[in-house]
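K.L.:
File name data_24.cif; file contents mmCIF, C-alpha atoms; full text below.
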```cif
data_input
#
loop_
_atom_site.label_atom_id
_atom_site.label_comp_id
_atom_site.auth_asym_id
_atom_site.auth_seq_id
_atom_site.Cartn_x
_atom_site.Cartn_y
_atom_site.Cartn_z
CA MET K 1 0.00 0.00 0.00
CA ASN K 2 1.14 3.49 -0.87
CA ILE K 3 -0.33 6.61 0.70
CA TRP K 4 -0.92 9.47 -1.74
CA VAL K 5 -1.74 13.00 -0.59
CA ASP K 6 -3.37 15.71 -2.68
CA ALA K 7 -1.17 18.14 -0.78
CA ASP K 8 -1.98 21.59 -2.17
CA ALA K 9 -5.02 22.06 0.08
CA CYS K 10 -4.16 19.54 2.79
CA PRO K 11 -3.84 21.20 6.23
CA ALA K 12 -0.34 21.15 7.75
CA VAL K 13 -1.60 19.37 10.87
CA ILE K 14 -2.89 16.50 8.69
CA LYS K 15 0.46 16.27 6.91
CA ASP K 16 2.15 16.00 10.32
CA ILE K 17 -0.18 13.15 11.29
CA LEU K 18 0.61 11.41 7.99
CA TYR K 19 4.39 11.78 8.47
CA ARG K 20 4.16 10.03 11.84
CA ALA K 21 1.80 7.36 10.47
CA ALA K 22 4.12 6.57 7.55
CA GLN K 23 7.04 6.06 9.93
CA ARG K 24 4.97 3.98 12.36
CA SER K 25 3.42 1.77 9.66
CA GLN K 26 6.52 1.72 7.43
CA LEU K 27 4.35 2.61 4.41
CA PRO K 28 5.54 4.93 1.62
CA LEU K 29 3.93 8.38 1.66
CA THR K 30 3.92 10.65 -1.39
CA LEU K 31 2.68 14.23 -1.24
CA VAL K 32 1.79 15.73 -4.62
CA ALA K 33 1.51 19.51 -5.05
CA ASN K 34 2.19 22.25 -7.54
CA GLN K 35 4.45 23.99 -5.05
CA MET K 36 7.62 23.01 -3.25
CA LEU K 37 6.92 21.10 -0.02
CA ARG K 38 9.20 20.49 2.91
CA THR K 39 9.02 17.02 4.35
CA PRO K 40 10.89 15.35 7.19
CA PRO K 41 13.96 13.37 6.16
CA SER K 42 12.82 9.79 5.63
CA PRO K 43 13.23 7.20 2.90
CA LEU K 44 9.47 6.57 3.21
CA ILE K 45 8.33 10.16 2.64
CA ARG K 46 8.66 12.09 -0.58
CA ALA K 47 7.19 15.20 -2.11
CA VAL K 48 6.52 15.53 -5.82
CA GLN K 49 6.15 18.98 -7.34
CA VAL K 50 4.03 18.96 -10.48
CA PRO K 51 3.59 21.90 -12.89
CA ARG K 52 0.88 24.42 -12.13
CA GLY K 53 -2.35 23.80 -13.95
CA PHE K 54 -5.87 22.56 -13.56
CA ASP K 55 -5.95 19.02 -12.09
CA VAL K 56 -2.25 18.35 -12.74
CA ALA K 57 -1.68 16.98 -9.22
CA ASP K 58 -4.94 15.01 -9.41
CA ASP K 59 -3.93 13.47 -12.74
CA TYR K 60 -0.53 12.50 -11.29
CA ILE K 61 -2.20 10.67 -8.41
CA VAL K 62 -4.78 8.97 -10.65
CA GLU K 63 -2.08 7.72 -13.04
CA ARG K 64 0.09 6.26 -10.28
CA SER K 65 -2.32 4.99 -7.63
CA THR K 66 -3.34 1.36 -7.67
CA THR K 67 -5.79 -0.98 -6.01
CA GLY K 68 -5.36 -0.97 -2.25
CA ASP K 69 -3.54 2.39 -2.08
CA LEU K 70 -4.82 5.10 0.24
CA VAL K 71 -5.49 8.57 -1.17
CA ILE K 72 -5.95 11.59 1.10
CA THR K 73 -7.99 14.30 -0.62
CA ALA K 74 -10.94 16.62 -0.22
CA ASP K 75 -11.30 16.74 -4.02
CA ILE K 76 -14.44 14.75 -4.77
CA PRO K 77 -13.82 14.16 -8.52
CA LEU K 78 -10.32 12.87 -7.67
CA ALA K 79 -11.82 10.66 -4.97
CA SER K 80 -14.26 9.23 -7.49
CA GLU K 81 -11.52 8.45 -10.01
CA VAL K 82 -9.23 6.65 -7.56
CA LEU K 83 -12.17 4.77 -6.03
CA ASN K 84 -12.83 3.41 -9.52
CA LYS K 85 -9.25 2.12 -9.54
CA GLY K 86 -9.78 0.30 -6.23
CA ALA K 87 -8.03 2.77 -3.92
CA LEU K 88 -9.24 3.75 -0.47
CA VAL K 89 -10.05 7.44 0.01
CA LEU K 90 -10.07 9.54 3.16
CA ASN K 91 -10.63 13.28 3.32
CA PRO K 92 -8.69 15.51 5.75
CA ARG K 93 -11.71 15.74 8.05
CA GLY K 94 -11.76 11.96 8.54
CA GLU K 95 -14.64 11.14 6.19
CA ARG K 96 -14.13 8.00 4.15
CA TYR K 97 -15.35 8.17 0.55
CA THR K 98 -16.73 4.89 -0.72
CA ALA K 99 -18.58 3.51 -3.72
CA ASP K 100 -21.74 3.88 -1.61
CA ASN K 101 -21.41 7.61 -0.92
CA ILE K 102 -19.34 9.12 -3.73
CA SER K 103 -22.26 9.63 -6.16
CA GLU K 104 -24.13 11.65 -3.54
CA ARG K 105 -21.00 13.74 -2.82
CA LEU K 106 -20.48 14.39 -6.54
CA SER K 107 -24.10 15.46 -6.96
CA MET K 108 -23.88 17.84 -4.00
CA ARG K 109 -20.62 19.30 -5.30
CA ASP K 110 -22.13 19.84 -8.76
CA MET K 111 -25.22 21.49 -7.28
CA LEU K 112 -23.12 23.87 -5.17
CA ASP K 113 -20.94 24.67 -8.21
CA GLU K 114 -24.06 25.52 -10.18
CA LEU K 115 -25.37 27.76 -7.39
CA ARG K 116 -22.03 29.57 -7.10
CA SER K 117 -21.82 30.10 -10.86
CA SER K 118 -25.27 31.71 -10.80
CA GLY K 119 -24.15 34.16 -8.10
CA VAL K 120 -25.44 32.49 -4.95
CA ASP K 121 -23.09 32.74 -1.97
CA THR K 122 -22.93 29.18 -0.65
CA GLY K 123 -20.30 29.95 1.97
CA GLY K 124 -17.29 27.76 2.28
CA PRO K 125 -16.27 24.82 4.37
CA ALA K 126 -16.19 25.27 8.12
CA ALA K 127 -12.86 26.12 9.70
CA PHE K 128 -10.67 23.09 10.35
CA SER K 129 -11.12 22.09 13.99
CA GLN K 130 -9.58 19.88 16.67
CA ALA K 131 -12.54 17.52 16.19
CA ASP K 132 -11.68 17.26 12.47
CA ARG K 133 -8.08 16.49 13.34
CA ARG K 134 -9.12 13.77 15.81
CA ALA K 135 -11.61 12.30 13.32
CA PHE K 136 -8.89 12.11 10.66
CA ALA K 137 -6.34 10.54 13.00
CA GLY K 138 -8.88 7.95 14.17
CA ALA K 139 -10.01 7.04 10.66
CA LEU K 140 -6.41 6.80 9.44
CA ASP K 141 -5.46 4.56 12.37
CA ARG K 142 -8.38 2.21 11.67
CA ILE K 143 -7.36 1.89 8.00
CA LEU K 144 -3.68 1.34 8.80
CA GLN K 145 -4.40 -1.19 11.56
CA LYS K 146 -6.49 -3.20 9.10
CA VAL K 147 -3.64 -3.11 6.55
CA VAL K 148 -1.10 -4.25 9.14
CA ARG K 149 -3.41 -7.11 10.28
CA GLU K 150 -3.89 -8.24 6.67
CA LYS K 151 -0.12 -8.19 6.10
CA LEU K 152 0.43 -10.38 9.15
CA LEU K 153 -2.20 -12.89 8.01
CA ALA K 154 -0.84 -13.06 4.44
#
```
Before anything else, please render the file you have as structure tokens.
P.N.:
Amino acid sequence: MNIWVDADACPAVIKDILYRAAQRSQLPLTLVANQMLRTPPSPLIRAVQVPRGFDVADDYIVERSTTGDLVITADIPLASEVLNKGALVLNPRGERYTADNISERLSMRDMLDELRSSGVDTGGPAAFSQADRRAFAGALDRILQKVVREKLLA
């Protein structure tokens, strides 16, 4: 399993949680962004800078992720694409995207896009909170514990 992070909009506190998780689980972690990222020195952690442009980082992750990988993103279209490839998807607030809920999330996103384009102020996401951080850490731990158990049984 590889862990992929859509890092441009990922909160720093979530990146810190992921750095520690990669070391603890000994799983490779790749952060993809269109800007230079600083990461802790580790053979397991790397940052990839892609050119600026619409969906360039997303396309990089879609091309390289495989079945069983974990993708961290709040980007719903990206989540949908990697789910179709068999990856697991977790957003930075700890919500797991699945085949059962991604269609609803895509529909909601499209509806909000349509409202915004017609001039309606839909507000933005709530500020990132301690509860979001805890929810992410808990969801990530559950996923990684399952992976470790499966490795031991294999």
K.L.:
Here's the selection I'm unsure about, the PyMOL selection byres ((chain K and resi 120-130) around 12); applied to the file above, which residues does it give, as JSON, numbers by chain?
P.N.:
{"K": [9, 10, 11, 12, 13, 14, 74, 92, 93, 94, 108, 109, 111, 112, 113, 114, 115, 116, 117, 118, 119, 131, 132, 133, 134, 135, 136, 137]}
K.L.:
Of the candidates K:Ile17, K:Val32, K:Leu90, K:Thr67, which one gets nearest to K:Pro51 if we count only C-alpha atoms?
P.N.:
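Closest candidate: K:Val32.
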K.L.:
Going by the chain IDs and residue numbers used in this file, which residues fall under the PyMOL selection byres ((chain K and resi 39) around 12)? Write them as a compact mmCIF listing (two decimals) with C-alpha atoms, in the frame of the given file.
P.N.:
```txt
# COMPACT_ATOMS: atom_id res chain seq x y z
CA ALA K 7 -1.17 18.14 -0.78
CA ALA K 12 -0.34 21.15 7.75
CA LYS K 15 0.46 16.27 6.91
CA ASP K 16 2.15 16.00 10.32
CA LEU K 18 0.61 11.41 7.99
CA TYR K 19 4.39 11.78 8.47
CA ARG K 20 4.16 10.03 11.84
CA ALA K 22 4.12 6.57 7.55
CA LEU K 29 3.93 8.38 1.66
CA THR K 30 3.92 10.65 -1.39
CA LEU K 31 2.68 14.23 -1.24
CA VAL K 32 1.79 15.73 -4.62
CA MET K 36 7.62 23.01 -3.25
CA LEU K 37 6.92 21.10 -0.02
CA ARG K 38 9.20 20.49 2.91
CA PRO K 40 10.89 15.35 7.19
CA PRO K 41 13.96 13.37 6.16
CA SER K 42 12.82 9.79 5.63
CA PRO K 43 13.23 7.20 2.90
CA LEU K 44 9.47 6.57 3.21
CA ILE K 45 8.33 10.16 2.64
CA ARG K 46 8.66 12.09 -0.58
CA ALA K 47 7.19 15.20 -2.11
CA VAL K 48 6.52 15.53 -5.82
```
K.L.:
What is the atom CA of K:Phe54-atom CA of K:Asp100 distance in Å, reported with one decimal?
P.N.:
27.3 Å
K.L.:
Evaluating the PyMOL selection byres ((chain K and resi 106) around 12) on the displayed file yields which residues, as a list of chain:residue names?
P.N.:
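Output from the PyMOL selection byres ((chain K and resi 106) around 12), applied to this file: K:Ala74, K:Asp75, K:Ile76, K:Pro77, K:Leu78, K:Ala79, K:Ser80, K:Glu81, K:Tyr97, K:Thr98, K:Ala99, K:Asp100, K:Asn101, K:Ile102, K:Ser103, K:Glu104, K:Arg105, K:Ser107, K:Met108, K:Arg109, K:Asp110, K:Met111, K:Leu112, K:Asp113.
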K.L.:
Work out where the centre of an axis-aligned box around every listed atom of stretch 25-39 of chain K lies and how long its edges are once 3 Å is added on each side; give both in Å to one decimal as JSON.
P.N.:
```
{"center_x": 5.4, "center_y": 12.9, "center_z": 1.1, "size_x": 13.7, "size_y": 28.3, "size_z": 23.2}
```
K.L.:
To one decimal place in Å, what is the distance between atom CA of K:Gly86 and atom CA of K:Gln35?
P.N.:
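Atom-to-atom, atom CA of K:Gly86 to atom CA of K:Gln35, that is 27.7 Å.
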K.L.:
Just give me the gap between atom CA of K:Ser65 and atom CA of K:Arg24 in Å, one decimal is fine.
P.N.:
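Atom-to-atom, atom CA of K:Ser65 to atom CA of K:Arg24, that is 21.3 Å.
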K.L.:
Would you mind telling me which residue in K:Ala139, K:Val56, K:Val5, K:Val50 lies nearest to K:Val71 when using all atoms listed in the file?
P.N.:
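So, comparing all the options, the nearest one is K:Val5.
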K.L.:
When you look at K:Asn2 with a cut-off of 7 Å (counting all atoms listed in the file), what residues show up, excluding the ones that are within fewer than 3 positions of it in the same chain? I need them as a PyMOL selection string.
P.N.:
chain K and resi 27-29+69-70
